[in-house]
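Have a look at the structure below, then the notes.
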Amino acid sequence: MKKKGNYGKINKVSSAKVSQPVVRRKRQTKVKNGKGKLYRYDGVYSATDKGYGFVKVEGFSRDVFISERFTNYAFHGDKVVIELLTPGPLEEDVLGSISKDSNKAAGKGSTKNYDKQAQSSQRHSREAKIVKILEHSVTKIVGTFEEIRNGYGFVIPDKGQLASDLFIPKGSTGGAVTGQKVLAEISDYGEFKRSPEGEIVQIIGSREDPFTDELGVSLALGLKMEFPDEVMKLCDDICGDGTIEGSASAGALGNLYAVNELSEIFSDSFSGKGKRLDIRSVELFTIDGDDSKDFDDAVSLEKYGDSYIVGVHIADVSEYVTEYSALDLEALDRGCSVYYPGSVLPMLPEKLSNGLCSLNPAEDRLALSCIMVVDDKGKVTDHYITESLIRSSMRMTYSGVDKVLEGEGDKTYRGFEEILNEMYSISETLRKRRFSKGSVDFDINECEIYVDEKGKVTDIKMRERSSSRSLIEEFMLLANKTVAKHFCKMKVPFAYRIHEDPDSVKIKELLETIRNLGISIDGRIFKKLSGSDEEVISSAEIADILDSCEGTPFEMLIKTLTLRSMQRARYDAECQGHFGLNFKYYCHFTSPIRRYPDLQIHRIIKNCLRGEMSKELKTHYTDILPEVCRKSSVCERRAQEAEYQVDRMKQIRYMSDHMGEEFDGIISGVTRYGVFVRLDNTIEGMISVYDLPHDDYSFDEGLLRLSGKRSRKFYSIGGKIRVKVCACDLDQRTLDFVPSSTI
């Protein structure tokens, strides 16, 4: 049995060092021994806190096991060369180790039993030894400084960055004192049981200060906190007085064609093509979160015979951020905005993102509009994509719109009740049509974290399903799909949002888990996946599986496990479809203020609308788009990891103020070392097996159940439980519970 408190959790922070280039699968020189040939491959090492680890080789869904004695002092995230310990090349059908991603029992904070995996590695997986370290991924770490004596000390790394403390020699402490959060640079990675060595390059602050959470995570993941002076100066020059007329893009107003209603666009007499449409007379508005400040999308609706005209109007950021300018290069380097509770690291300076580009109410703004005719079945029968000049009528919030849709009177929204209800009705039609076509509902309960001006968490609640959020989601999905289809059929270079088919091996494991939980699955799906010719499960079949779990205690677990079994959505210059949405065409068009791919395709769209898409320009975009898509995908994953890490720290800080208090929860995961419990507010923690009522417990991996042999009491997924908070570890991101005595 493992000791209490040490969960064997894979190091998540370092696994997110996705800014490193993707390592290509490479077969190295074959090495002979008495039994045959041994093969070498390049890969990326993932360490566990128990000493052993795994190497991911691109092109294979299964990881190669590395025992502790064969790690060759590699660090988590290092690019390495491995040599297989048994003859024969890697083949997909002989890789049997359980992948880490599909093994996470519940949610991002869960942990899995890697000891059991290690013990069975010789039976089920290929093993290798690391023979060479090509590149260290971690060069700087964030941690807590602890002074020892005579001016030297150690930095105790935050969870997942290094397997050991970093030695700080005399004269390299940078004036840090014990207990401070610091950023340290590694100068010597150490070998043969020597600790790695480095120097402190920045004091972040007291670990008790909640603002160190965001700063520490951002520094650890290499996120930029400030904009260079050159970028800020250029931004000032572009924005001018903050109006279109007073900005560097005032010339965009020189080619306007005014319409009073969107229906005019679809009339035979319309002659505004090639011009920027002046639709300031059209009533449109934004709907965002209560604390949002950058508004990059607005919506409108008009009746059109038996159909409706749905307008999605997106801030025309590309008019201000020109290709290869300092602003553009900085935005590409950041990739996207990063959102923390109460703060944001924007992709663009606030003067643009919250000012000139933001669709603020009662202000003229440049936009790109996707205007669609939608019939009563939710089908787009016609569409028009154009540059536009708009004026938002109102800045609405999700909470305010929800009240209107629930029938509550609110004078702030007086006069908008009818159009909001019509929009919601159309969005529900779109949603039903989407799911009838096989779109998968991966809606997983997430938390809302509320902080005060000092960064202290005041409350954490589960985010409820929101009618207004669903409304905006469906309108944005429709616009993204329409734009992608339009430009794909034009055969111009473009950046698509793709979601590839899931790996069949992972799906088989998922289905076995679901069946072990006692949930019935159509046998034809098993038969399909076990055929001699490997077939891919469809999104409609995944949707059916999730439907069969709806209303069961396992619903959230199955949704989470299913999501983990999917490929990651990413950006690509080839239109390969979106599996989860079951869309043949899809892109990200609706958020150019906070996502670089949206900004990139806005440029392409405007080149096409203006008749500027020459052969040379096509060649230019063809050359740059693969790298733009790759880098944007990397930046997105880094941002997601940063947001998760900060959210987790906020959760632990919040629960540390509730030590000894009792909460209701549901068992969300089970391992041989204990059970994971998800509270009603979505926060997850663990009950160690040592803190369960005294018994001799056995773990049934197939049923995900921990059973007491004497008491016959068992703990399984979906069971309700009342727990008490007993320990919070901010540095290790762990939260410990014990069963309440009142159970």
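A note on labels: chains of the structure tokens are A, B, ... as shown, every chain counts residues from 1, and ligands are counted from 1 in their shown order.
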Task: All residues 6 Å or closer to Asp63 of chain A, only C-alpha atoms, same chain fewer than 3 positions away omitted, as a list in words - done: Phe54, Val55 and Lys56 of chain A
Open item on the list: List the spatial neighbours of Asp328 of chain A as a PyMOL selection string - criterion: any atom at most 12 Å away, only C-alpha atoms, same-chain residues fewer than 2 positions off excluded.
Closed with: chain A and resi 230-231+234-235+317-326+330-335+347-349+592-593+595-597+599-600+603+628
Task: Which of segment 181-283 of chain A DSSP labels strand (DSSP E), written as a ChimeraX atom specification - done: /A:181-188,197-206,256-258,276-278
Open item on the list: I need the residues of segment 167-414 of chain A that end up classed as alpha helix (DSSP H) by DSSP on the backbone, written out as an MDAnalysis selection string.
Closed with: chainID A and resid 211:220 229:239 326:334 350 398:405
Open item on the list: Report, in Å to a single decimal, how far apart atom CA of Thr734 of chain A and atom CA of Glu448 of chain A are.
Closed with: 19.4 Å
Task: Spatial neighbours of Asp657 of chain A, max dist 12 Å, only C-alpha atoms, sep filter under 4 positions, as a list of chain:residue names - done: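 In the requested format, the answer is A:Lys456, A:Val457, A:Thr458, A:Asp459, A:Lys650, A:Gln651, A:Ile652, A:Arg653, A:Glu661, A:Val725, A:Cys726, A:Ala727, A:Cys728.
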For the selection just defined, write its residues with N, CA and C atoms to a file, as a compact mmCIF listing (two decimals), in the first residue's frame.
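Contents of part_24.txt, freshly written:
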```txt
# COMPACT_ATOMS: atom_id res chain seq x y z
N LYS A 456 -8.70 37.12 -3.52
CA LYS A 456 -9.18 36.08 -2.62
C LYS A 456 -10.47 35.48 -3.18
N VAL A 457 -10.55 34.16 -3.13
CA VAL A 457 -11.75 33.48 -3.63
C VAL A 457 -12.89 33.68 -2.64
N THR A 458 -14.00 34.19 -3.14
CA THR A 458 -15.16 34.42 -2.28
C THR A 458 -16.20 33.31 -2.40
N ASP A 459 -16.21 32.64 -3.55
CA ASP A 459 -17.19 31.55 -3.71
C ASP A 459 -16.81 30.72 -4.94
N LYS A 650 -6.85 28.00 -6.91
CA LYS A 650 -7.92 28.79 -6.29
C LYS A 650 -8.86 27.88 -5.51
N GLN A 651 -9.14 26.70 -6.07
CA GLN A 651 -9.99 25.75 -5.37
C GLN A 651 -9.37 25.33 -4.04
N ILE A 652 -8.08 25.07 -4.06
CA ILE A 652 -7.41 24.62 -2.83
C ILE A 652 -7.35 25.75 -1.82
N ARG A 653 -7.08 26.97 -2.28
CA ARG A 653 -7.09 28.11 -1.34
C ARG A 653 -8.48 28.26 -0.71
N GLU A 661 -14.68 21.34 7.82
CA GLU A 661 -16.10 21.43 7.48
C GLU A 661 -16.53 20.24 6.63
N VAL A 725 -13.06 18.08 5.08
CA VAL A 725 -11.78 18.54 4.56
C VAL A 725 -10.72 18.37 5.64
N CYS A 726 -9.63 17.64 5.31
CA CYS A 726 -8.61 17.40 6.32
C CYS A 726 -7.24 17.94 5.96
N ALA A 727 -6.93 18.18 4.65
CA ALA A 727 -5.61 18.69 4.28
C ALA A 727 -5.67 19.35 2.91
N CYS A 728 -4.95 20.46 2.78
CA CYS A 728 -4.85 21.18 1.51
C CYS A 728 -3.38 21.48 1.24
```
TODO: With a distance cut-off of 12 Å and only C-alpha atoms, select the neighbouring residues of Met490 of chain A, excluding the residue or stretch itself and same-chain residues fewer than 3 positions from it, and output the selection as number ranges by chain.
DONE: A: 483-487, 493-494, 604-605, 608-609, 613, 618
Report as a PDB file with C-alpha atoms, in the first residue's frame all protein, DNA and RNA residues lying within 12 Å of Arg194 of chain A, evaluated on only C-alpha atoms, omitting residues in the same chain fewer than 3 positions from it.
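Output saved as result_15.pdb:
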```pdb
ATOM      1  CA  TYR A  73      18.340  10.965 -15.284  1.00  0.00           C
ATOM      2  CA  SER A 164      13.860  16.743  -6.943  1.00  0.00           C
ATOM      3  CA  ASP A 165      14.612  20.039  -5.212  1.00  0.00           C
ATOM      4  CA  LEU A 166      16.823  22.561  -6.986  1.00  0.00           C
ATOM      5  CA  PHE A 167      20.043  23.412  -5.134  1.00  0.00           C
ATOM      6  CA  ASP A 188      23.166  22.101 -14.032  1.00  0.00           C
ATOM      7  CA  TYR A 189      20.711  19.225 -14.422  1.00  0.00           C
ATOM      8  CA  GLY A 190      22.691  16.930 -12.130  1.00  0.00           C
ATOM      9  CA  GLU A 191      23.611  13.278 -12.505  1.00  0.00           C
ATOM     10  CA  GLU A 197      21.523  23.283  -9.517  1.00  0.00           C
TER      11      GLU A 197
END
```
TODO: Can you pull out every residue within 6 Å of segment 664-669 of chain A, counting only C-alpha atoms, but drop anything in the same chain fewer than 6 positions away, and send it as a PyMOL selection string?
DONE: chain A and resi 105-106+675-680+717-722
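Interatomic distance, atom CA of Pro228 of chain A to atom CA of Ala176 of chain A: 27.1 Å.
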